[in-house]
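Here is protein16.cif, consisting of mmCIF, C-alpha atoms:
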data_work
loop_
_atom_site.label_atom_id
_atom_site.label_comp_id
_atom_site.auth_asym_id
_atom_site.auth_seq_id
_atom_site.Cartn_x
_atom_site.Cartn_y
_atom_site.Cartn_z
CA MET E 924 5.52 12.04 15.04
CA PRO E 925 8.50 11.39 12.68
CA LEU E 926 6.40 9.53 10.10
CA VAL E 927 6.73 10.60 6.45
CA CYS E 928 4.93 9.80 3.21
CA LEU E 929 6.60 10.94 -0.01
CA GLY E 930 4.91 10.22 -3.29
CA LEU E 931 3.40 11.09 -6.62
CA SER E 932 0.03 9.95 -7.88
CA HIS E 933 -2.65 10.42 -10.51
CA ARG E 934 -3.64 13.55 -8.59
CA THR E 935 -0.25 15.22 -8.98
CA ALA E 936 1.56 13.63 -11.94
CA PRO E 937 0.54 12.53 -15.48
CA VAL E 938 1.13 8.96 -16.57
CA GLU E 939 4.31 9.87 -18.51
CA VAL E 940 5.90 11.03 -15.23
CA ARG E 941 4.55 8.14 -13.13
CA GLU E 942 5.86 5.53 -15.55
CA ARG E 943 9.30 7.14 -15.57
CA HIS E 944 9.57 6.49 -11.86
CA ALA E 945 8.00 3.02 -11.71
CA PHE E 946 10.09 0.24 -10.20
CA PRO E 947 9.92 -3.30 -11.61
CA ALA E 948 8.33 -5.69 -9.12
CA SER E 949 11.42 -7.90 -9.35
CA ARG E 950 13.53 -5.13 -7.83
CA MET E 951 11.32 -4.37 -4.84
CA ALA E 952 13.65 -6.10 -2.35
CA GLU E 953 16.60 -4.19 -3.79
CA VAL E 954 14.73 -0.89 -3.47
CA LEU E 955 13.83 -1.50 0.17
CA ALA E 956 17.36 -2.63 1.00
CA ALA E 957 18.74 0.55 -0.56
CA LEU E 958 16.30 2.68 1.45
CA ARG E 959 17.51 1.11 4.69
CA ASP E 960 21.03 2.36 3.95
CA TYR E 961 19.93 5.98 4.41
CA GLU E 962 20.85 6.91 7.95
CA ALA E 963 17.76 8.98 8.78
CA ILE E 964 15.33 6.23 7.73
CA ARG E 965 14.45 3.71 10.46
CA GLU E 966 11.66 1.86 8.70
CA ALA E 967 10.38 1.97 5.12
CA ALA E 968 7.73 0.58 2.79
CA MET E 969 6.93 1.31 -0.85
CA LEU E 970 3.46 1.25 -2.38
CA GLN E 971 3.33 1.17 -6.17
CA THR E 972 0.24 0.92 -8.38
CA CYS E 973 -0.72 2.21 -11.81
CA GLY E 974 -1.91 5.38 -10.11
CA ARG E 975 0.74 6.04 -7.47
CA LEU E 976 4.24 5.57 -6.16
CA GLU E 977 4.55 6.26 -2.43
CA PHE E 978 7.22 5.74 0.20
CA TYR E 979 6.24 5.50 3.86
CA ALA E 980 9.01 5.85 6.42
CA GLU E 981 9.62 6.28 10.10
CA VAL E 982 12.55 8.70 10.28
CA ASP E 983 14.88 10.21 12.87
CA ASP E 984 14.05 13.74 11.77
CA TYR E 985 11.41 15.13 9.41
CA GLU E 986 13.68 17.37 7.39
CA ARG E 987 16.54 14.88 6.97
CA GLY E 988 14.20 11.94 6.40
CA ALA E 989 12.13 13.67 3.71
CA ALA E 990 15.29 14.95 2.00
CA GLN E 991 16.80 11.47 1.90
CA LEU E 992 13.61 9.95 0.47
CA LYS E 993 13.64 12.58 -2.30
CA SER E 994 17.31 11.93 -2.98
CA PHE E 995 16.62 8.22 -3.23
CA LEU E 996 13.72 8.68 -5.66
CA MET E 997 15.71 11.01 -7.90
CA ASN E 998 18.87 8.92 -7.98
CA PHE E 999 17.98 5.25 -7.68
CA ARG E 1000 17.78 3.55 -11.08
CA HIS E 1001 16.67 6.68 -12.97
CA ALA E 1002 18.71 8.59 -15.53
CA ALA E 1003 18.67 12.37 -15.75
CA ILE E 1004 15.19 13.83 -16.17
CA GLU E 1005 14.23 16.93 -18.09
CA TYR E 1006 11.52 18.12 -15.71
CA ASP E 1007 11.25 19.32 -12.13
CA LEU E 1008 10.28 16.17 -10.26
CA GLU E 1009 9.60 18.03 -7.02
CA SER E 1010 6.69 19.84 -8.66
CA TYR E 1011 4.91 16.48 -8.91
CA LEU E 1012 5.74 15.21 -5.43
CA TYR E 1013 3.82 15.54 -2.19
CA THR E 1014 5.20 15.13 1.30
CA LEU E 1015 2.91 14.28 4.22
CA LEU E 1016 4.12 14.31 7.80
CA GLY E 1017 2.97 12.68 11.03
CA SER E 1018 -0.73 12.07 11.38
CA GLU E 1019 -1.33 13.33 7.81
CA ALA E 1020 0.87 10.51 6.48
CA ALA E 1021 -0.99 7.95 8.59
CA GLU E 1022 -4.39 9.25 7.51
CA HIS E 1023 -3.31 9.22 3.87
CA LEU E 1024 -2.47 5.50 3.94
CA LEU E 1025 -5.89 4.80 5.49
CA ARG E 1026 -7.54 6.79 2.69
CA VAL E 1027 -5.54 4.88 0.11
CA ALA E 1028 -6.43 1.47 1.58
CA THR E 1029 -10.14 2.30 1.76
CA GLY E 1030 -10.14 3.44 -1.87
CA LEU E 1031 -10.90 7.11 -1.24
CA ASP E 1032 -7.67 8.32 -2.86
CA SER E 1033 -7.94 6.12 -5.95
CA MET E 1034 -8.65 7.30 -9.46
CA LEU E 1035 -11.47 4.79 -9.31
CA ILE E 1036 -13.05 5.48 -5.91
CA GLY E 1037 -13.42 2.28 -3.92
CA GLU E 1038 -11.45 0.14 -6.39
CA ALA E 1039 -11.13 -3.45 -5.23
CA GLU E 1040 -7.49 -3.89 -6.29
CA ILE E 1041 -5.97 -1.27 -3.99
CA LEU E 1042 -6.41 -3.24 -0.76
CA GLY E 1043 -4.48 -6.17 -2.21
CA GLN E 1044 -1.78 -3.77 -3.41
CA VAL E 1045 -1.43 -2.28 0.07
CA LYS E 1046 -1.12 -5.80 1.48
CA ASP E 1047 1.53 -6.65 -1.11
CA ALA E 1048 3.51 -3.54 -0.14
CA TYR E 1049 3.35 -4.59 3.51
CA VAL E 1050 4.43 -8.17 2.75
CA GLN E 1051 7.32 -7.04 0.55
CA ALA E 1052 8.60 -4.64 3.19
CA GLN E 1053 8.26 -7.30 5.86
CA ARG E 1054 10.21 -9.83 3.77
CA ALA E 1055 12.94 -7.27 3.15
CA GLY E 1056 13.28 -6.59 6.88
CA ALA E 1057 12.41 -2.93 6.30
CA LEU E 1058 9.45 -2.77 8.69
CA GLY E 1059 9.56 -1.83 12.34
CA PRO E 1060 6.81 -1.49 14.94
CA THR E 1061 5.42 1.80 13.58
CA LEU E 1062 4.84 0.81 9.96
CA HIS E 1063 3.81 -2.69 10.98
CA ARG E 1064 1.06 -1.19 13.13
CA LEU E 1065 0.11 1.45 10.55
CA PHE E 1066 -0.24 -1.00 7.65
CA HIS E 1067 -2.28 -3.36 9.81
CA ALA E 1068 -4.59 -0.46 10.68
CA ALA E 1069 -4.88 0.47 6.99
CA LEU E 1070 -5.71 -3.09 5.96
CA ARG E 1071 -8.34 -3.46 8.68
CA ALA E 1072 -9.86 -0.09 7.76
CA GLY E 1073 -10.02 -1.12 4.10
CA LYS E 1074 -11.72 -4.41 4.90
CA THR E 1075 -14.18 -2.71 7.24
CA ALA E 1076 -15.06 -0.08 4.64
CA ARG E 1077 -15.77 -2.70 2.01
CA SER E 1078 -17.83 -4.94 4.28
CA THR E 1079 -19.94 -2.25 5.98
CA THR E 1080 -20.40 0.47 3.32
CA ARG E 1081 -21.19 0.69 -0.39
CA ILE E 1082 -17.77 2.10 -1.30
CA GLY E 1083 -17.16 -1.00 -3.44
CA GLY E 1084 -20.65 -1.07 -4.93
CA GLU E 1085 -21.62 -0.84 -8.59
CA SER E 1086 -19.00 -3.24 -9.94
CA LEU E 1087 -16.35 -1.22 -11.72
CA SER E 1088 -12.63 -1.64 -12.29
CA LEU E 1089 -10.07 -0.17 -14.66
CA ALA E 1090 -10.60 -3.21 -16.89
CA THR E 1091 -14.37 -2.71 -17.00
CA ALA E 1092 -13.85 1.03 -17.50
CA ALA E 1093 -11.65 0.13 -20.49
CA ILE E 1094 -14.49 -1.92 -21.97
CA GLU E 1095 -16.96 0.90 -21.30
CA ALA E 1096 -14.62 3.25 -23.17
CA ALA E 1097 -14.35 0.76 -26.03
CA ARG E 1098 -18.12 0.44 -26.30
CA THR E 1099 -18.48 4.23 -26.32
CA ARG E 1100 -15.93 4.70 -29.11
CA VAL E 1101 -16.53 1.56 -31.19
CA GLY E 1102 -20.21 1.00 -30.56
CA THR E 1103 -21.37 -2.58 -30.05
CA LEU E 1104 -18.49 -5.00 -29.39
CA GLN E 1105 -20.37 -8.13 -30.41
CA GLY E 1106 -18.82 -8.42 -33.85
CA CYS E 1107 -15.37 -7.24 -32.81
CA CYS E 1108 -12.05 -8.94 -32.31
CA VAL E 1109 -10.44 -7.87 -29.03
CA VAL E 1110 -6.83 -8.61 -28.13
CA ILE E 1111 -5.85 -8.62 -24.45
CA ALA E 1112 -2.12 -8.26 -23.75
CA GLY E 1113 -1.44 -9.62 -20.26
CA ALA E 1114 -3.05 -12.46 -18.32
CA GLY E 1115 -2.95 -10.86 -14.86
CA LYS E 1116 -5.84 -9.53 -12.77
CA MET E 1117 -6.74 -6.83 -15.30
CA GLY E 1118 -6.65 -9.29 -18.17
CA ARG E 1119 -8.80 -11.78 -16.29
CA THR E 1120 -11.43 -9.14 -15.45
CA ALA E 1121 -11.47 -7.89 -19.03
CA LEU E 1122 -11.85 -11.41 -20.49
CA LEU E 1123 -14.78 -12.29 -18.22
CA ARG E 1124 -16.52 -9.00 -19.00
CA LEU E 1125 -15.98 -9.41 -22.76
CA ARG E 1126 -17.39 -12.92 -22.56
CA ASP E 1127 -20.52 -11.54 -20.92
CA GLU E 1128 -20.69 -8.82 -23.60
CA GLY E 1129 -20.90 -11.47 -26.29
CA VAL E 1130 -17.76 -10.38 -28.12
CA ALA E 1131 -17.12 -12.48 -31.22
CA ARG E 1132 -13.44 -13.20 -30.67
CA VAL E 1133 -10.99 -12.50 -27.84
CA ILE E 1134 -7.29 -13.35 -28.00
CA VAL E 1135 -5.15 -13.32 -24.83
CA ALA E 1136 -1.42 -12.79 -25.39
CA ASN E 1137 0.99 -13.34 -22.51
CA ARG E 1138 4.73 -13.74 -22.05
CA THR E 1139 4.07 -17.10 -20.38
CA LEU E 1140 1.73 -19.03 -22.64
CA ALA E 1141 0.70 -21.40 -19.85
CA ASN E 1142 -0.79 -18.50 -17.87
CA ALA E 1143 -2.80 -17.29 -20.87
CA SER E 1144 -3.99 -20.84 -21.56
CA GLU E 1145 -5.05 -21.29 -17.94
CA LEU E 1146 -7.00 -18.04 -18.08
CA VAL E 1147 -8.98 -18.88 -21.22
CA GLU E 1148 -9.57 -22.42 -19.98
CA SER E 1149 -10.98 -21.21 -16.66
CA ALA E 1150 -13.19 -18.68 -18.46
CA GLN E 1151 -14.10 -21.24 -21.13
CA PHE E 1152 -13.73 -18.41 -23.60
CA GLY E 1153 -11.06 -16.90 -25.82
CA GLU E 1154 -7.80 -18.00 -27.42
CA ALA E 1155 -4.32 -18.01 -25.90
CA ILE E 1156 -1.11 -17.08 -27.71
CA PRO E 1157 2.46 -16.26 -26.65
CA MET E 1158 3.40 -12.59 -26.59
CA THR E 1159 5.79 -13.21 -29.47
CA ASP E 1160 2.74 -13.75 -31.72
CA LEU E 1161 1.12 -10.44 -30.76
CA GLN E 1162 2.12 -8.62 -33.95
CA GLY E 1163 0.41 -11.23 -36.10
CA VAL E 1164 -2.99 -10.95 -34.38
CA LEU E 1165 -3.01 -7.14 -34.33
CA ALA E 1166 -3.85 -7.25 -38.04
CA CYS E 1167 -7.35 -8.47 -37.22
CA ALA E 1168 -7.88 -6.56 -33.96
CA ASP E 1169 -10.54 -3.89 -33.49
CA VAL E 1170 -9.58 -3.26 -29.85
CA LEU E 1171 -6.33 -3.84 -27.94
CA ILE E 1172 -6.43 -3.81 -24.13
CA ALA E 1173 -2.91 -3.83 -22.73
CA SER E 1174 -1.98 -4.47 -19.11
CA THR E 1175 1.35 -6.21 -18.57
CA GLY E 1176 4.17 -5.69 -16.10
CA ALA E 1177 6.73 -5.00 -18.83
CA SER E 1178 9.24 -2.22 -18.29
CA HIS E 1179 9.32 -1.42 -22.04
CA PHE E 1180 6.83 -0.91 -24.86
CA ILE E 1181 5.42 -4.22 -26.08
CA VAL E 1182 3.81 -2.44 -29.06
CA SER E 1183 5.87 0.10 -30.98
CA LYS E 1184 4.78 2.39 -33.79
CA GLU E 1185 6.86 0.43 -36.30
CA MET E 1186 5.40 -2.89 -35.14
CA LEU E 1187 1.84 -1.64 -35.51
CA GLU E 1188 2.57 -0.18 -38.94
CA ARG E 1189 3.81 -3.57 -40.12
CA ALA E 1190 0.88 -5.46 -38.57
CA ARG E 1191 -2.15 -3.35 -39.49
CA ASP E 1192 -4.38 -3.01 -42.46
CA THR E 1193 -4.50 0.78 -42.77
CA GLN E 1194 -8.17 0.60 -43.73
CA ARG E 1195 -9.05 -0.92 -40.36
CA SER E 1196 -9.54 1.25 -37.26
CA LEU E 1197 -8.01 0.22 -33.94
CA LEU E 1198 -8.75 1.39 -30.42
CA VAL E 1199 -5.87 0.91 -27.97
CA VAL E 1200 -6.65 1.04 -24.25
CA ASP E 1201 -3.37 1.02 -22.32
CA LEU E 1202 -3.92 0.23 -18.62
CA ALA E 1203 -0.25 -0.30 -17.76
CA VAL E 1204 2.16 1.97 -15.88
CA PRO E 1205 4.79 2.03 -17.34
CA ARG E 1206 2.77 2.05 -20.55
CA ASP E 1207 2.73 -1.01 -22.79
CA VAL E 1208 2.05 0.86 -26.04
CA ASP E 1209 4.21 3.60 -27.49
CA PRO E 1210 1.98 6.73 -27.40
CA ASP E 1211 3.34 7.65 -30.85
CA VAL E 1212 1.05 4.99 -32.37
CA ALA E 1213 -1.75 7.53 -32.01
CA ALA E 1214 -0.23 9.30 -35.02
CA LEU E 1215 -1.07 6.33 -37.26
CA PRO E 1216 -4.23 6.64 -39.39
CA GLY E 1217 -7.26 5.07 -37.75
CA VAL E 1218 -5.56 4.44 -34.41
CA CYS E 1219 -7.00 5.90 -31.20
CA VAL E 1220 -5.10 5.54 -27.90
CA VAL E 1221 -6.57 5.85 -24.40
CA ASP E 1222 -4.32 5.50 -21.33
CA VAL E 1223 -5.29 5.13 -17.65
CA ASP E 1224 -5.63 8.88 -17.21
CA GLY E 1225 -7.88 9.05 -20.26
CA LEU E 1226 -10.37 6.70 -18.60
CA GLN E 1227 -11.29 9.31 -15.99
CA PRO E 1228 -14.43 10.59 -17.81
CA VAL E 1229 -15.80 7.03 -18.06
CA ILE E 1230 -15.10 6.41 -14.40
CA GLU E 1231 -16.74 9.67 -13.31
CA GLU E 1232 -20.06 8.61 -14.81
CA ARG E 1233 -20.22 5.42 -12.73
CA LEU E 1234 -19.25 6.57 -9.25
CA GLY E 1235 -22.46 8.04 -7.87
CA VAL E 1236 -23.26 5.19 -5.45
CA ARG E 1237 -19.70 5.02 -4.20
CA ARG E 1238 -19.53 8.77 -3.56
CA GLU E 1239 -22.61 8.48 -1.36
CA ALA E 1240 -20.61 6.10 0.87
CA ILE E 1241 -17.67 8.49 1.35
CA PRO E 1242 -18.93 10.04 4.65
CA ASP E 1243 -19.35 6.54 6.15
CA VAL E 1244 -15.85 5.55 5.04
CA GLU E 1245 -14.38 8.75 6.46
CA ARG E 1246 -15.87 7.91 9.85
CA ILE E 1247 -14.20 4.51 9.67
CA ILE E 1248 -10.90 6.21 8.80
CA ASP E 1249 -11.27 8.56 11.78
CA ARG E 1250 -11.83 5.62 14.10
CA PHE E 1251 -8.81 3.63 12.92
CA LEU E 1252 -6.62 6.74 12.77
CA ASP E 1253 -7.50 7.61 16.36
CA ARG E 1254 -6.56 4.11 17.52
CA PHE E 1255 -3.25 4.25 15.68
CA LEU E 1256 -2.36 7.70 17.00
CA ARG E 1257 -3.21 6.69 20.56
CA TRP E 1258 -0.95 3.67 20.21
CA TYR E 1259 1.80 5.75 18.63
CA ARG E 1260 1.81 8.36 21.37
CA SER E 1261 1.88 5.66 24.03
CA ARG E 1262 5.39 4.71 22.90
CA PHE E 1263 6.69 7.34 25.35
CA ALA E 1264 5.35 5.22 28.19
CA LEU E 1265 6.70 1.88 27.03
CA PRO E 1266 10.27 2.16 28.44
CA ALA E 1267 8.96 3.12 31.89
CA ILE E 1268 6.28 0.43 31.87
CA ALA E 1269 8.75 -2.24 30.75
CA SER E 1270 11.40 -1.22 33.30
CA LEU E 1271 8.90 -0.98 36.14
CA THR E 1272 7.40 -4.37 35.28
CA GLN E 1273 10.82 -6.01 34.97
CA LYS E 1274 11.98 -4.59 38.29
CA ALA E 1275 8.82 -5.71 40.08
CA GLU E 1276 9.13 -9.18 38.53
CA SER E 1277 12.80 -9.55 39.51
CA ILE E 1278 11.95 -8.59 43.13
CA ARG E 1279 9.01 -11.02 43.16
CA LEU E 1280 11.10 -13.92 41.86
CA ALA E 1281 13.97 -13.19 44.27
CA GLU E 1282 11.65 -13.11 47.28
CA LEU E 1283 9.92 -16.33 46.20
CA GLU E 1284 13.28 -18.04 45.87
CA ARG E 1285 14.29 -16.94 49.37
CA LEU E 1286 10.97 -18.08 50.84
CA PHE E 1287 11.06 -21.50 49.18
CA ALA E 1288 14.68 -21.99 50.24
CA ARG E 1289 13.72 -21.40 53.91
CA CYS E 1290 10.50 -23.45 53.71
CA SER E 1291 11.66 -26.58 51.96
CA GLN E 1292 8.77 -28.57 53.47
CA LEU E 1293 6.24 -26.79 51.23
CA GLY E 1294 4.57 -29.08 48.71
CA ASP E 1295 3.89 -28.34 45.05
CA ARG E 1296 0.31 -27.19 45.74
CA GLU E 1297 1.43 -24.74 48.44
CA ARG E 1298 4.17 -23.37 46.17
CA GLU E 1299 1.64 -22.85 43.36
CA LEU E 1300 -0.70 -20.93 45.68
CA ILE E 1301 2.09 -18.70 46.99
CA THR E 1302 3.37 -18.03 43.47
CA GLY E 1303 -0.13 -17.16 42.30
CA MET E 1304 -0.64 -14.80 45.25
CA SER E 1305 2.66 -13.02 44.49
CA LEU E 1306 1.64 -12.53 40.88
CA THR E 1307 -1.73 -11.10 41.92
CA ILE E 1308 -0.19 -8.66 44.44
CA VAL E 1309 2.34 -7.32 41.91
CA SER E 1310 -0.26 -7.09 39.16
CA ARG E 1311 -2.74 -5.15 41.32
CA LEU E 1312 -0.08 -2.81 42.65
CA LEU E 1313 1.14 -1.95 39.16
CA HIS E 1314 -2.19 -1.94 37.33
CA SER E 1315 -3.35 1.59 38.20
CA ALA E 1316 0.10 3.11 37.64
CA ILE E 1317 0.48 1.45 34.23
CA ALA E 1318 -3.10 2.28 33.18
CA ASN E 1319 -2.68 5.94 34.16
CA ILE E 1320 0.63 6.38 32.40
CA ARG E 1321 -0.76 4.76 29.24
CA GLU E 1322 -3.75 7.10 29.33
CA LYS E 1323 -1.56 10.16 29.82
CA ALA E 1324 0.70 9.02 26.99
CA THR E 1325 -2.14 9.06 24.45
CA ALA E 1326 -3.04 12.66 25.24
CA ASP E 1327 0.07 14.70 26.00
CA ASP E 1328 3.72 13.87 25.31
CA ALA E 1329 5.06 16.44 27.76
CA GLU E 1330 2.85 15.25 30.62
CA VAL E 1331 3.74 11.61 30.16
CA LEU E 1332 7.45 12.44 30.14
CA SER E 1333 6.93 14.19 33.45
CA HIS E 1334 5.28 11.04 34.87
CA VAL E 1335 8.06 8.87 33.49
CA ARG E 1336 10.66 11.04 35.22
CA VAL E 1337 8.83 10.67 38.53
CA LEU E 1338 8.66 6.88 38.18
CA ASP E 1339 12.33 6.80 37.23
CA GLU E 1340 13.29 8.71 40.38
CA LEU E 1341 11.00 6.78 42.74
CA PHE E 1342 11.89 3.28 41.54
CA GLU E 1343 15.44 3.90 40.26
CA LEU E 1344 14.68 2.56 36.79
CA ASN E 1345 17.81 4.08 35.15
CA LEU E 1346 15.86 5.67 32.31
CA SER E 1347 17.61 9.04 32.10
CA ALA E 1348 19.17 8.39 28.68
CA ARG E 1349 15.91 7.09 27.24
CA ILE E 1350 13.95 10.02 28.71
CA ALA E 1351 16.33 12.48 27.05
CA GLU E 1352 15.89 10.70 23.70
CA LEU E 1353 12.10 10.72 23.99
CA GLY E 1354 12.15 14.36 24.99
CA GLU E 1355 13.99 15.22 21.79
CA ALA E 1356 11.58 13.13 19.75
CA SER E 1357 8.56 14.88 21.23
CA GLN E 1358 9.90 18.23 19.97
CA ARG E 1359 10.12 17.09 16.32
#
Here is the file; what I need is its structure written in the form of structure tokens.
Amino acid sequence: MPLVCLGLSHRTAPVEVRERHAFPASRMAEVLAALRDYEAIREAAMLQTCGRLEFYAEVDDYERGAAQLKSFLMNFRHAAIEYDLESYLYTLLGSEAAEHLLRVATGLDSMLIGEAEILGQVKDAYVQAQRAGALGPTLHRLFHAALRAGKTARSTTRIGGESLSLATAAIEAARTRVGTLQGCCVVIAGAGKMGRTALLRLRDEGVARVIVANRTLANASELVESAQFGEAIPMTDLQGVLACADVLIASTGASHFIVSKEMLERARDTQRSLLVVDLAVPRDVDPDVAALPGVCVVDVDGLQPVIEERLGVRREAIPDVERIIDRFLDRFLRWYRSRFALPAIASLTQKAESIRLAELERLFARCSQLGDRERELITGMSLTIVSRLLHSAIANIREKATADDAEVLSHVRVLDELFELNLSARIAELGEASQR
């Protein structure tokens, strides 16, 4: 199966490497269009979250396809790097690549097992690839299987139980380091999903003051209005409010630092301590601010100890989710292998249909006295005869296709010879594909 997944994630690369290779959301269409220009890549999709960057592709050849994906990742948009990127990458082939996407969509491969956000991110990756015209039948089918598996896992198991997200983990970390948050001033940079979750949780915690800063003030205002809690300011006013902040939770989509060391030095009272929880990838806060007196910085990787303490219930659900993955993976693989049978089935069906239509035309031309009802009955009978004659042959070849590529090719050759379907070129192509 010439299906490839190339990626790096929280399991293989630290945040400073992941952020270096993050693509702005605004350039997603450009990225997918560039991928399509590589000759070995037939279909492509890109999945990017704070914890991973992965490319899924249907390729002509494993070796050439994987090499071109690596070349793309190393060269597109990025300047020279001072580390060995390949040491952080993983390459999954065939059924392993398909299974991996199912594990991602069900939340089993997340830093936060069972996280709710990942299913929406997989859907976004699918929609973006579809809009860019980068999807074909294989990835279309695979992403649909992954989305259905993710929904099934969440609705039938406890993999999403014990409400926990990166935003709530950030607040847990803040409570651990600061103590009670009730008398604190918390600044949230970013009014997206993370910011919304954090604001609602802080409201329930009884925090004294929460300020939401966002590049678009209207979005921040809408968020605090819907929560009936907090204050909204434009991002340009962020420096001013950092002077009174005890905690900063940052999660924007910026491609640059929104808080620099120099900015924080100018803003802060050096006698006041500040906890910075940076949930963004690329990071929102320059990690050098940790060198300032009284400043503590925690990034997404640093939240792992907090997350580990809360995942007991979700881990108990892992065996149930793995059974769901096995079921959806088996369906996808059976469909994928059946592609060998499709040319023969289509040609056989088309030939039978052309013969049926030609014979009906001849009959109706000779029997012009037939009324509409008689013609409908004869047409229906012809459809039934052709369908019943072909049913067992098509069912058998589909069944063989899901089990053994070599055997189904043998059956296709026999059908080609018996019914003169002119499939020799396609059979040769499929034979080469089955050897990859």
Tell me which residues the PyMOL selection byres ((chain E and resi 1032) around 10) grabs here, as an NGL selection string. :E and (932-934 or 974-975 or 1023-1031 or 1033-1038 or 1041)
Compare E:Asp960, E:Arg1119, E:Ala1092, E:Ala952 by their minimum atom-to-atom distance to Val1050 in chain E, counting only C-alpha atoms, and give me the closest one.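 The answer is E:Ala952, which sits nearest to Val1050 in chain E.
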Between CA of Ala1190 in chain E and CA of Gln1162 in chain E, what is the distance, to one decimal in Å?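 Computing it gives 5.7 Å between the two atoms.
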Contacts of Leu1125 in chain E at 10 Å or less, counting all atoms listed in the file, minus same-chain residues fewer than 5 places along, as a short mmCIF file (atom, residue, chain, number, x, y, z; two decimals) with C-alpha atoms, keeping the file's coordinate frame?
data_model
loop_
_atom_site.label_atom_id
_atom_site.label_comp_id
_atom_site.auth_asym_id
_atom_site.auth_seq_id
_atom_site.Cartn_x
_atom_site.Cartn_y
_atom_site.Cartn_z
CA THR E 1091 -14.37 -2.71 -17.00
CA ILE E 1094 -14.49 -1.92 -21.97
CA LEU E 1104 -18.49 -5.00 -29.39
CA GLN E 1105 -20.37 -8.13 -30.41
CA VAL E 1109 -10.44 -7.87 -29.03
CA ARG E 1119 -8.80 -11.78 -16.29
CA THR E 1120 -11.43 -9.14 -15.45
CA VAL E 1130 -17.76 -10.38 -28.12
CA ALA E 1131 -17.12 -12.48 -31.22
CA ARG E 1132 -13.44 -13.20 -30.67
CA VAL E 1133 -10.99 -12.50 -27.84
CA PHE E 1152 -13.73 -18.41 -23.60
CA GLY E 1153 -11.06 -16.90 -25.82
#
Starting from the PyMOL selection byres ((chain E and resi 988) around 9), expand the selection into actual residues of this file and give them as a list in words.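 In the shown coordinates, the PyMOL selection byres ((chain E and resi 988) around 9) covers Pro925, Leu926, Val927, Tyr961, Glu962, Ala963, Ile964, Ala980, Glu981, Val982, Asp983, Asp984, Tyr985, Glu986, Arg987, Ala989, Ala990, Gln991, Leu992 and Lys993 of chain E.
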Could you state the separation of CA of Arg1098 in chain E and CA of Ser1196 in chain E in Å, given to one decimal place? 13.9 Å
Which residue out of E:Asn1137, E:Gln1053, E:Thr1272, E:Ser1261 has the minimum interatomic distance to Val1309 in chain E when all atoms listed in the file are used?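 Using all atoms listed in the file, Val1309 in chain E sits closest to E:Thr1272.
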Choose the residue, out of E:Val1337, E:Ala1052, E:Leu1283, E:Ala936, that has the smallest atom-to-atom separation from Leu1306 in chain E; count all atoms listed in the file.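 Closest candidate: E:Leu1283.
Nearest residue to Ile1268 in chain E among E:Leu1226, E:Arg1296, E:Arg1233, E:Asn1319 is E:Asn1319, counting only C-alpha atoms.
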Find the residues near Cys1108 in chain E: any atom within 12 Å, counting all atoms listed in the file, skip ones fewer than 3 places away on the same chain, and give them as a VMD selection string. chain E and resid 1097 1101 1103 to 1105 1111 1125 to 1126 1129 to 1135 1153 to 1154 1164 to 1172 1195 to 1198
Test item: residues at most 12 Å from Ser1305 in chain E, only C-alpha atoms, excluding those fewer than 6 positions along its chain, as a JSON list (two decimals) with C-alpha atoms, in the frame of the given file:
[["chain", "number", "residue", "atom", "x", "y", "z"],
["E", 1275, "ALA", "CA", 8.82, -5.71, 40.08],
["E", 1276, "GLU", "CA", 9.13, -9.18, 38.53],
["E", 1277, "SER", "CA", 12.80, -9.55, 39.51],
["E", 1278, "ILE", "CA", 11.95, -8.59, 43.13],
["E", 1279, "ARG", "CA", 9.01, -11.02, 43.16],
["E", 1280, "LEU", "CA", 11.10, -13.92, 41.86],
["E", 1281, "ALA", "CA", 13.97, -13.19, 44.27],
["E", 1282, "GLU", "CA", 11.65, -13.11, 47.28],
["E", 1283, "LEU", "CA", 9.92, -16.33, 46.20],
["E", 1284, "GLU", "CA", 13.28, -18.04, 45.87],
["E", 1286, "LEU", "CA", 10.97, -18.08, 50.84],
["E", 1298, "ARG", "CA", 4.17, -23.37, 46.17],
["E", 1299, "GLU", "CA", 1.64, -22.85, 43.36],
["E", 1311, "ARG", "CA", -2.74, -5.15, 41.32],
["E", 1312, "LEU", "CA", -0.08, -2.81, 42.65]]
Once N, CA and C atoms are restored for range 991-996 of chain E, what would the output be as a short mmCIF file (atom, residue, chain, number, x, y, z; two decimals), in the frame of the given file?
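Dumped to result18.cif:
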data_model
loop_
_atom_site.label_atom_id
_atom_site.label_comp_id
_atom_site.auth_asym_id
_atom_site.auth_seq_id
_atom_site.Cartn_x
_atom_site.Cartn_y
_atom_site.Cartn_z
N GLN E 991 16.17 12.71 2.34
CA GLN E 991 16.80 11.47 1.90
C GLN E 991 15.87 10.63 1.04
N LEU E 992 14.57 10.65 1.33
CA LEU E 992 13.61 9.95 0.47
C LEU E 992 13.59 10.57 -0.93
N LYS E 993 13.62 11.91 -0.99
CA LYS E 993 13.64 12.58 -2.30
C LYS E 993 14.92 12.25 -3.05
N SER E 994 16.03 12.26 -2.35
CA SER E 994 17.31 11.93 -2.98
C SER E 994 17.28 10.51 -3.55
N PHE E 995 16.72 9.60 -2.78
CA PHE E 995 16.62 8.22 -3.23
C PHE E 995 15.78 8.12 -4.50
N LEU E 996 14.61 8.76 -4.51
CA LEU E 996 13.72 8.68 -5.66
C LEU E 996 14.35 9.27 -6.91
#
